[in-house]
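**Student:** Sharing a structure, written as structure tokens. Questions coming.
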There are 2 protein chains.
Amino acid sequence: MTGRVLEVFCAEDAADRFSDLIDSARGRGVRVSMVTARAMRSLADTVTPSGIVALCPTLVREPGREIADSAGARPVRLVAVGQALAEPGNVGTLIRVSDALGADAVWLTEGSVDPENPKAVRSSAGSLFHLPVVRGVAESELVARAHTSGLQLAVATADGEVDIERADEILSRPTAWVFGNEAHGVPAALAAAADVRVRIPIRGRAESLNIVTAASICLHTSARLQGVGS
Amino acid sequence: MTGRVLEVFCAEDAADRFSDLIDSARGRGVRVSMVTARAMRSLADTVTPSGIVALCPTLVREPGREIADSAGARPVRLVAVGQALAEPGNVGTLIRVSDALGADAVWLTEGSVDPENPKAVRSSAGSLFHLPVVRGVAESELVARAHTSGLQLAVATADGEVDIERADEILSRPTAWVFGNEAHGVPAALAAAADVRVRIPIRGRAESLNIVTAASICLHTSARLQGVGS
């Protein structure tokens, strides 16, 4: 666990199985509370709880109440924006992918699923504790917000005027990438207001890319061209 | 629907809603059978059936009983291999991503979930009808199979000796990409037998990439460098 663990809860009938983990937590001064199997079922959101739960602070914040991003004193170079994402798994996976590919932060617009939704937390595979996530960002403020952070706002969209494979100069600039709602994509007004609209060529007969594929290719291209983390 | 529809089944209580679709199917000589709501529930697999189901042949085949790939007379240049994939959603999404990024075919090893699993079919978003999928490929035959098709076998793995961002010459060759089991990755023996092992740099603090992200970046890189579809 990367983040600071505030408290650990372990089901009484699972204490033997997790004795090493419990000793390790107690050794670091973390309080471990034994609970009944019934209490564990209400604490753990899954159908078959593993038997141990840790309470940890995430890096999720509201606009204006943000913490310093993981880049510390470095300038922000790469941000992923989830626009009205409806699937918790996509929100969590976007956070995981953003972490792995070197983004400095994730912003989620007002219409997106809460990143602390249990399924989103699990899909993030720990990355929710690795990089700052801002939720409840107004769509109308995205352009100004990006510019204030020294970023261009780029929208990933099937009909973008720029081909991601022929835009090395544009994409070597610090960028906030917008990935739109799974069913509707990015609203026309937001796309028009952005600095650039970028398409990923569809080579086969698929009608569209899923958001995880689009985010993976866009963030990887930006990180590669900007030399993020190198 | 891209594939040839063999027959359509519509729930009696949904006939009004789908009258355009039913007319269109009948206009093309496709038989449309009205069924009870109860029969629809057993046909449809989902908790809330939409009320209409089409019977279509997929492009899934066994090794040795394959059909010509979508590239037709063109040589095969890009194949995605799912090795012992356990999640139906990942199998379907791999097929969708492979289609969108221009792969000629998808091969699944013996240990992988069946691509005709209902959840895999839904996750493929129609791509199961777009490109040939071979299931039940023996892992021990992957190298020979790739070479017979004129492809190098590349394994995507965190500890690969080649950095995907510094291997333009290698990756501009026709390639079959192996993406390993979600929990265990590619077996050491298979990785050792492959022509090349390729890593995607992890820039943040995430421990690993999910398979959809890895496949998206690897296939996109190959398609870009080979000029697939251009």
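Chains: A, B, ... in order of the structure tokens. Residues: from 1 per chain. Ligands: from 1, in order shown.
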Take chain B, superimpose it onto chain A by least squares using every C-alpha atom paired in sequence order, and output the result as a PDB file with C-alpha atoms, in the first residue's frame.
**Tutor:**
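The result, stored in out28.pdb:
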```pdb
ATOM      1  CA  MET B   1      -0.076   0.058   0.023  1.00  0.00           C
ATOM      2  CA  THR B   2       1.465   3.319  -1.103  1.00  0.00           C
ATOM      3  CA  GLY B   3      -0.756   5.786   0.776  1.00  0.00           C
ATOM      4  CA  ARG B   4      -0.828   6.329   4.471  1.00  0.00           C
ATOM      5  CA  VAL B   5      -3.056   3.691   6.039  1.00  0.00           C
ATOM      6  CA  LEU B   6      -5.257   5.198   8.764  1.00  0.00           C
ATOM      7  CA  GLU B   7      -6.733   1.995  10.144  1.00  0.00           C
ATOM      8  CA  VAL B   8      -7.073  -1.694   9.289  1.00  0.00           C
ATOM      9  CA  PHE B   9     -10.156  -3.858   9.863  1.00  0.00           C
ATOM     10  CA  CYS B  10      -9.814  -7.634   9.784  1.00  0.00           C
ATOM     11  CA  ALA B  11     -12.536 -10.256  10.032  1.00  0.00           C
ATOM     12  CA  GLU B  12     -12.063 -12.493  13.070  1.00  0.00           C
ATOM     13  CA  ASP B  13     -12.240 -15.616  10.910  1.00  0.00           C
ATOM     14  CA  ALA B  14      -9.519 -14.275   8.601  1.00  0.00           C
ATOM     15  CA  ALA B  15      -6.996 -13.199  11.267  1.00  0.00           C
ATOM     16  CA  ASP B  16      -4.797 -16.284  10.834  1.00  0.00           C
ATOM     17  CA  ARG B  17      -4.593 -15.820   7.089  1.00  0.00           C
ATOM     18  CA  PHE B  18      -3.547 -12.180   7.393  1.00  0.00           C
ATOM     19  CA  SER B  19      -1.292 -12.442  10.465  1.00  0.00           C
ATOM     20  CA  ASP B  20       1.780 -11.147   8.573  1.00  0.00           C
ATOM     21  CA  LEU B  21      -0.137  -8.146   7.245  1.00  0.00           C
ATOM     22  CA  ILE B  22      -1.580  -7.413  10.699  1.00  0.00           C
ATOM     23  CA  ASP B  23       1.849  -7.609  12.342  1.00  0.00           C
ATOM     24  CA  SER B  24       3.295  -5.318   9.702  1.00  0.00           C
ATOM     25  CA  ALA B  25       0.503  -2.751  10.168  1.00  0.00           C
ATOM     26  CA  ARG B  26       0.830  -2.810  13.969  1.00  0.00           C
ATOM     27  CA  GLY B  27       4.606  -2.547  13.602  1.00  0.00           C
ATOM     28  CA  ARG B  28       4.058   0.758  11.801  1.00  0.00           C
ATOM     29  CA  GLY B  29       1.734   2.041  14.478  1.00  0.00           C
ATOM     30  CA  VAL B  30      -1.463   1.460  12.493  1.00  0.00           C
ATOM     31  CA  ARG B  31      -4.474   0.502  14.590  1.00  0.00           C
ATOM     32  CA  VAL B  32      -5.900  -2.924  13.636  1.00  0.00           C
ATOM     33  CA  SER B  33      -9.506  -3.649  14.648  1.00  0.00           C
ATOM     34  CA  MET B  34     -10.945  -7.160  14.592  1.00  0.00           C
ATOM     35  CA  VAL B  35     -14.556  -7.267  13.366  1.00  0.00           C
ATOM     36  CA  THR B  36     -17.181  -9.961  12.886  1.00  0.00           C
ATOM     37  CA  ALA B  37     -17.646 -11.639   9.513  1.00  0.00           C
ATOM     38  CA  ARG B  38     -20.976  -9.848   9.284  1.00  0.00           C
ATOM     39  CA  ALA B  39     -19.445  -6.429   9.852  1.00  0.00           C
ATOM     40  CA  MET B  40     -16.801  -7.249   7.230  1.00  0.00           C
ATOM     41  CA  ARG B  41     -19.513  -7.957   4.663  1.00  0.00           C
ATOM     42  CA  SER B  42     -20.936  -4.483   5.177  1.00  0.00           C
ATOM     43  CA  LEU B  43     -17.485  -2.870   5.049  1.00  0.00           C
ATOM     44  CA  ALA B  44     -16.185  -4.667   1.989  1.00  0.00           C
ATOM     45  CA  ASP B  45     -18.708  -4.007  -0.832  1.00  0.00           C
ATOM     46  CA  THR B  46     -17.679  -7.156  -2.767  1.00  0.00           C
ATOM     47  CA  VAL B  47     -19.784 -10.327  -2.807  1.00  0.00           C
ATOM     48  CA  THR B  48     -16.886 -12.357  -1.446  1.00  0.00           C
ATOM     49  CA  PRO B  49     -14.825 -10.125   0.876  1.00  0.00           C
ATOM     50  CA  SER B  50     -11.169 -11.022   1.176  1.00  0.00           C
ATOM     51  CA  GLY B  51     -11.485 -10.523   4.957  1.00  0.00           C
ATOM     52  CA  ILE B  52      -9.320  -7.433   5.411  1.00  0.00           C
ATOM     53  CA  VAL B  53      -9.986  -3.764   4.714  1.00  0.00           C
ATOM     54  CA  ALA B  54      -7.752  -0.706   5.073  1.00  0.00           C
ATOM     55  CA  LEU B  55      -8.937   2.856   5.522  1.00  0.00           C
ATOM     56  CA  CYS B  56      -6.757   5.189   3.431  1.00  0.00           C
ATOM     57  CA  PRO B  57      -6.986   8.820   2.371  1.00  0.00           C
ATOM     58  CA  THR B  58      -7.139   9.220  -1.425  1.00  0.00           C
ATOM     59  CA  LEU B  59      -5.727  12.103  -3.420  1.00  0.00           C
ATOM     60  CA  VAL B  60      -9.211  13.071  -4.643  1.00  0.00           C
ATOM     61  CA  ARG B  61     -10.043  16.754  -4.287  1.00  0.00           C
ATOM     62  CA  GLU B  62     -12.590  19.350  -5.422  1.00  0.00           C
ATOM     63  CA  PRO B  63     -11.559  22.239  -7.688  1.00  0.00           C
ATOM     64  CA  GLY B  64      -9.996  25.035  -5.662  1.00  0.00           C
ATOM     65  CA  ARG B  65      -9.152  22.660  -2.812  1.00  0.00           C
ATOM     66  CA  GLU B  66      -6.397  20.874  -4.597  1.00  0.00           C
ATOM     67  CA  ILE B  67      -3.139  19.550  -3.299  1.00  0.00           C
ATOM     68  CA  ALA B  68       0.189  19.847  -5.065  1.00  0.00           C
ATOM     69  CA  ASP B  69       0.407  17.385  -7.931  1.00  0.00           C
ATOM     70  CA  SER B  70       2.788  14.456  -7.889  1.00  0.00           C
ATOM     71  CA  ALA B  71       5.239  16.369 -10.051  1.00  0.00           C
ATOM     72  CA  GLY B  72       5.970  18.571  -7.057  1.00  0.00           C
ATOM     73  CA  ALA B  73       7.900  21.629  -8.124  1.00  0.00           C
ATOM     74  CA  ARG B  74       8.085  20.461 -11.747  1.00  0.00           C
ATOM     75  CA  PRO B  75       5.651  22.059 -14.187  1.00  0.00           C
ATOM     76  CA  VAL B  76       2.574  20.019 -15.063  1.00  0.00           C
ATOM     77  CA  ARG B  77       3.004  18.471 -18.501  1.00  0.00           C
ATOM     78  CA  LEU B  78       0.303  15.880 -18.962  1.00  0.00           C
ATOM     79  CA  VAL B  79      -3.242  15.665 -17.576  1.00  0.00           C
ATOM     80  CA  ALA B  80      -6.074  13.258 -18.459  1.00  0.00           C
ATOM     81  CA  VAL B  81      -9.606  14.664 -18.347  1.00  0.00           C
ATOM     82  CA  GLY B  82     -12.588  12.309 -18.061  1.00  0.00           C
ATOM     83  CA  GLN B  83     -15.658  14.114 -19.413  1.00  0.00           C
ATOM     84  CA  ALA B  84     -18.975  12.767 -18.065  1.00  0.00           C
ATOM     85  CA  LEU B  85     -17.655   9.207 -17.837  1.00  0.00           C
ATOM     86  CA  ALA B  86     -20.546   6.955 -16.849  1.00  0.00           C
ATOM     87  CA  GLU B  87     -18.816   3.632 -16.151  1.00  0.00           C
ATOM     88  CA  PRO B  88     -17.031   3.323 -12.790  1.00  0.00           C
ATOM     89  CA  GLY B  89     -14.626   0.805 -14.345  1.00  0.00           C
ATOM     90  CA  ASN B  90     -13.615   3.357 -16.960  1.00  0.00           C
ATOM     91  CA  VAL B  91     -12.998   6.068 -14.366  1.00  0.00           C
ATOM     92  CA  GLY B  92     -10.785   3.722 -12.350  1.00  0.00           C
ATOM     93  CA  THR B  93      -8.948   2.403 -15.399  1.00  0.00           C
ATOM     94  CA  LEU B  94      -8.377   5.941 -16.704  1.00  0.00           C
ATOM     95  CA  ILE B  95      -6.730   6.789 -13.369  1.00  0.00           C
ATOM     96  CA  ARG B  96      -4.594   3.622 -13.553  1.00  0.00           C
ATOM     97  CA  VAL B  97      -3.525   4.262 -17.153  1.00  0.00           C
ATOM     98  CA  SER B  98      -2.794   7.939 -16.427  1.00  0.00           C
ATOM     99  CA  ASP B  99      -0.573   6.925 -13.522  1.00  0.00           C
ATOM    100  CA  ALA B 100       1.292   4.282 -15.528  1.00  0.00           C
ATOM    101  CA  LEU B 101       1.871   6.516 -18.535  1.00  0.00           C
ATOM    102  CA  GLY B 102       3.196   9.433 -16.525  1.00  0.00           C
ATOM    103  CA  ALA B 103       0.307  11.904 -16.293  1.00  0.00           C
ATOM    104  CA  ASP B 104       0.600  14.473 -13.506  1.00  0.00           C
ATOM    105  CA  ALA B 105      -3.094  14.462 -12.610  1.00  0.00           C
ATOM    106  CA  VAL B 106      -6.597  13.346 -13.633  1.00  0.00           C
ATOM    107  CA  TRP B 107      -9.488  15.781 -13.822  1.00  0.00           C
ATOM    108  CA  LEU B 108     -13.090  14.552 -13.905  1.00  0.00           C
ATOM    109  CA  THR B 109     -15.962  16.762 -14.997  1.00  0.00           C
ATOM    110  CA  GLU B 110     -19.132  17.298 -12.978  1.00  0.00           C
ATOM    111  CA  GLY B 111     -21.021  14.601 -14.880  1.00  0.00           C
ATOM    112  CA  SER B 112     -18.488  11.828 -14.279  1.00  0.00           C
ATOM    113  CA  VAL B 113     -18.847   8.925 -11.881  1.00  0.00           C
ATOM    114  CA  ASP B 114     -17.221   9.597  -8.497  1.00  0.00           C
ATOM    115  CA  PRO B 115     -13.637   8.257  -8.459  1.00  0.00           C
ATOM    116  CA  GLU B 116     -14.302   7.022  -4.919  1.00  0.00           C
ATOM    117  CA  ASN B 117     -17.094   4.772  -6.194  1.00  0.00           C
ATOM    118  CA  PRO B 118     -16.029   1.287  -4.955  1.00  0.00           C
ATOM    119  CA  LYS B 119     -15.787  -0.177  -8.462  1.00  0.00           C
ATOM    120  CA  ALA B 120     -13.744   2.807  -9.656  1.00  0.00           C
ATOM    121  CA  VAL B 121     -11.411   2.391  -6.667  1.00  0.00           C
ATOM    122  CA  ARG B 122     -10.857  -1.294  -7.474  1.00  0.00           C
ATOM    123  CA  SER B 123     -10.329  -0.608 -11.189  1.00  0.00           C
ATOM    124  CA  SER B 124      -7.696   1.997 -10.369  1.00  0.00           C
ATOM    125  CA  ALA B 125      -5.561  -0.831  -8.919  1.00  0.00           C
ATOM    126  CA  GLY B 126      -4.006   1.482  -6.341  1.00  0.00           C
ATOM    127  CA  SER B 127      -3.378   4.426  -8.656  1.00  0.00           C
ATOM    128  CA  LEU B 128      -6.044   6.461  -6.847  1.00  0.00           C
ATOM    129  CA  PHE B 129      -3.388   6.757  -4.124  1.00  0.00           C
ATOM    130  CA  HIS B 130      -0.626   7.724  -6.563  1.00  0.00           C
ATOM    131  CA  LEU B 131      -1.692  10.868  -8.367  1.00  0.00           C
ATOM    132  CA  PRO B 132      -4.006  13.809  -7.704  1.00  0.00           C
ATOM    133  CA  VAL B 133      -7.563  13.402  -8.983  1.00  0.00           C
ATOM    134  CA  VAL B 134      -9.818  16.444  -9.170  1.00  0.00           C
ATOM    135  CA  ARG B 135     -13.540  15.719  -9.370  1.00  0.00           C
ATOM    136  CA  GLY B 136     -16.453  17.987 -10.187  1.00  0.00           C
ATOM    137  CA  VAL B 137     -14.623  20.207 -12.676  1.00  0.00           C
ATOM    138  CA  ALA B 138     -17.061  22.381 -14.658  1.00  0.00           C
ATOM    139  CA  GLU B 139     -16.880  21.666 -18.393  1.00  0.00           C
ATOM    140  CA  SER B 140     -17.194  25.370 -19.114  1.00  0.00           C
ATOM    141  CA  GLU B 141     -13.999  26.006 -17.179  1.00  0.00           C
ATOM    142  CA  LEU B 142     -11.834  23.308 -18.757  1.00  0.00           C
ATOM    143  CA  VAL B 143     -10.130  25.530 -21.309  1.00  0.00           C
ATOM    144  CA  ALA B 144      -9.268  28.234 -18.767  1.00  0.00           C
ATOM    145  CA  ARG B 145      -8.187  25.616 -16.261  1.00  0.00           C
ATOM    146  CA  ALA B 146      -5.828  24.012 -18.774  1.00  0.00           C
ATOM    147  CA  HIS B 147      -4.368  27.336 -19.845  1.00  0.00           C
ATOM    148  CA  THR B 148      -3.830  28.413 -16.242  1.00  0.00           C
ATOM    149  CA  SER B 149      -1.799  25.226 -15.779  1.00  0.00           C
ATOM    150  CA  GLY B 150       0.224  25.974 -18.921  1.00  0.00           C
ATOM    151  CA  LEU B 151      -1.440  23.201 -20.918  1.00  0.00           C
ATOM    152  CA  GLN B 152      -3.143  23.128 -24.289  1.00  0.00           C
ATOM    153  CA  LEU B 153      -6.562  21.445 -24.221  1.00  0.00           C
ATOM    154  CA  ALA B 154      -6.729  18.563 -26.730  1.00  0.00           C
ATOM    155  CA  VAL B 155      -9.917  16.617 -27.380  1.00  0.00           C
ATOM    156  CA  ALA B 156      -9.698  13.006 -28.564  1.00  0.00           C
ATOM    157  CA  THR B 157     -12.439  12.655 -31.156  1.00  0.00           C
ATOM    158  CA  ALA B 158     -13.043  10.501 -34.232  1.00  0.00           C
ATOM    159  CA  ASP B 159     -13.463  13.529 -36.505  1.00  0.00           C
ATOM    160  CA  GLY B 160     -10.545  15.602 -35.204  1.00  0.00           C
ATOM    161  CA  GLU B 161      -8.686  17.749 -37.726  1.00  0.00           C
ATOM    162  CA  VAL B 162      -5.304  16.480 -36.524  1.00  0.00           C
ATOM    163  CA  ASP B 163      -4.046  12.892 -37.063  1.00  0.00           C
ATOM    164  CA  ILE B 164      -2.254  11.750 -33.899  1.00  0.00           C
ATOM    165  CA  GLU B 165       0.418  10.126 -36.044  1.00  0.00           C
ATOM    166  CA  ARG B 166       1.246  13.336 -37.906  1.00  0.00           C
ATOM    167  CA  ALA B 167       1.276  15.870 -35.099  1.00  0.00           C
ATOM    168  CA  ASP B 168       4.586  15.405 -33.316  1.00  0.00           C
ATOM    169  CA  GLU B 169       5.157  19.139 -32.967  1.00  0.00           C
ATOM    170  CA  ILE B 170       1.708  19.864 -31.516  1.00  0.00           C
ATOM    171  CA  LEU B 171       1.781  16.860 -29.202  1.00  0.00           C
ATOM    172  CA  SER B 172       5.218  17.597 -27.829  1.00  0.00           C
ATOM    173  CA  ARG B 173       3.626  20.538 -25.963  1.00  0.00           C
ATOM    174  CA  PRO B 174       2.216  20.161 -22.432  1.00  0.00           C
ATOM    175  CA  THR B 175      -1.315  18.851 -22.883  1.00  0.00           C
ATOM    176  CA  ALA B 176      -4.578  18.168 -21.065  1.00  0.00           C
ATOM    177  CA  TRP B 177      -6.346  15.392 -23.017  1.00  0.00           C
ATOM    178  CA  VAL B 178     -10.149  15.201 -22.899  1.00  0.00           C
ATOM    179  CA  PHE B 179     -11.784  11.771 -23.220  1.00  0.00           C
ATOM    180  CA  GLY B 180     -15.555  11.972 -23.633  1.00  0.00           C
ATOM    181  CA  ASN B 181     -18.601  10.104 -22.393  1.00  0.00           C
ATOM    182  CA  GLU B 182     -18.715   6.474 -23.527  1.00  0.00           C
ATOM    183  CA  ALA B 183     -21.948   6.855 -25.522  1.00  0.00           C
ATOM    184  CA  HIS B 184     -21.965  10.481 -26.652  1.00  0.00           C
ATOM    185  CA  GLY B 185     -18.333  11.545 -26.909  1.00  0.00           C
ATOM    186  CA  VAL B 186     -17.250  15.105 -26.181  1.00  0.00           C
ATOM    187  CA  PRO B 187     -19.984  17.776 -26.601  1.00  0.00           C
ATOM    188  CA  ALA B 188     -19.576  19.874 -29.763  1.00  0.00           C
ATOM    189  CA  ALA B 189     -19.263  23.122 -27.811  1.00  0.00           C
ATOM    190  CA  LEU B 190     -16.404  21.779 -25.711  1.00  0.00           C
ATOM    191  CA  ALA B 191     -14.646  20.311 -28.761  1.00  0.00           C
ATOM    192  CA  ALA B 192     -14.945  23.662 -30.537  1.00  0.00           C
ATOM    193  CA  ALA B 193     -13.563  25.563 -27.540  1.00  0.00           C
ATOM    194  CA  ALA B 194     -10.509  23.292 -27.206  1.00  0.00           C
ATOM    195  CA  ASP B 195      -7.148  24.202 -28.702  1.00  0.00           C
ATOM    196  CA  VAL B 196      -6.987  21.119 -30.897  1.00  0.00           C
ATOM    197  CA  ARG B 197      -9.096  18.088 -31.821  1.00  0.00           C
ATOM    198  CA  VAL B 198      -7.120  14.905 -32.447  1.00  0.00           C
ATOM    199  CA  ARG B 199      -8.196  11.688 -34.168  1.00  0.00           C
ATOM    200  CA  ILE B 200      -6.702   8.214 -33.881  1.00  0.00           C
ATOM    201  CA  PRO B 201      -6.925   6.508 -37.277  1.00  0.00           C
ATOM    202  CA  ILE B 202      -9.346   3.556 -37.289  1.00  0.00           C
ATOM    203  CA  ARG B 203      -7.732   1.042 -39.592  1.00  0.00           C
ATOM    204  CA  GLY B 204     -10.174  -1.864 -39.493  1.00  0.00           C
ATOM    205  CA  ARG B 205     -13.941  -2.054 -39.505  1.00  0.00           C
ATOM    206  CA  ALA B 206     -14.572  -1.202 -35.841  1.00  0.00           C
ATOM    207  CA  GLU B 207     -16.873   1.783 -35.472  1.00  0.00           C
ATOM    208  CA  SER B 208     -15.020   3.391 -32.612  1.00  0.00           C
ATOM    209  CA  LEU B 209     -12.338   2.990 -29.995  1.00  0.00           C
ATOM    210  CA  ASN B 210     -13.181   2.356 -26.384  1.00  0.00           C
ATOM    211  CA  ILE B 211     -12.053   5.041 -23.972  1.00  0.00           C
ATOM    212  CA  VAL B 212      -9.247   2.978 -22.427  1.00  0.00           C
ATOM    213  CA  THR B 213      -7.696   2.398 -25.852  1.00  0.00           C
ATOM    214  CA  ALA B 214      -8.052   6.058 -26.823  1.00  0.00           C
ATOM    215  CA  ALA B 215      -6.540   7.235 -23.521  1.00  0.00           C
ATOM    216  CA  SER B 216      -3.707   4.699 -23.716  1.00  0.00           C
ATOM    217  CA  ILE B 217      -2.669   5.789 -27.215  1.00  0.00           C
ATOM    218  CA  CYS B 218      -3.062   9.547 -26.607  1.00  0.00           C
ATOM    219  CA  LEU B 219      -1.278   9.626 -23.254  1.00  0.00           C
ATOM    220  CA  HIS B 220       1.496   7.320 -24.466  1.00  0.00           C
ATOM    221  CA  THR B 221       2.041   9.475 -27.546  1.00  0.00           C
ATOM    222  CA  SER B 222       2.244  12.661 -25.458  1.00  0.00           C
ATOM    223  CA  ALA B 223       4.540  11.108 -22.876  1.00  0.00           C
ATOM    224  CA  ARG B 224       6.817   9.739 -25.604  1.00  0.00           C
ATOM    225  CA  LEU B 225       7.014  13.020 -27.536  1.00  0.00           C
ATOM    226  CA  GLN B 226       7.454  15.156 -24.418  1.00  0.00           C
ATOM    227  CA  GLY B 227      10.014  12.800 -22.941  1.00  0.00           C
ATOM    228  CA  VAL B 228       7.965  12.528 -19.752  1.00  0.00           C
ATOM    229  CA  GLY B 229       9.782  10.556 -17.094  1.00  0.00           C
ATOM    230  CA  SER B 230      12.959  10.290 -19.148  1.00  0.00           C
TER     231      SER B 230
END
```
**Student:** List every residue of stretch 103-173 of chain B that DSSP, applied to the backbone, labels as strand (DSSP E or B), and write the result as a list of chain:residue names.
**Tutor:**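 Everything in stretch 103-173 of chain B that counts as strand (DSSP E or B) is B:Ala105, B:Val106, B:Trp107, B:Leu108, B:Thr109, B:Val133, B:Val134, B:Arg135, B:Gly136, B:Val137, B:Gln152, B:Leu153, B:Ala154, B:Val155, B:Ala156, B:Val162, B:Asp163.
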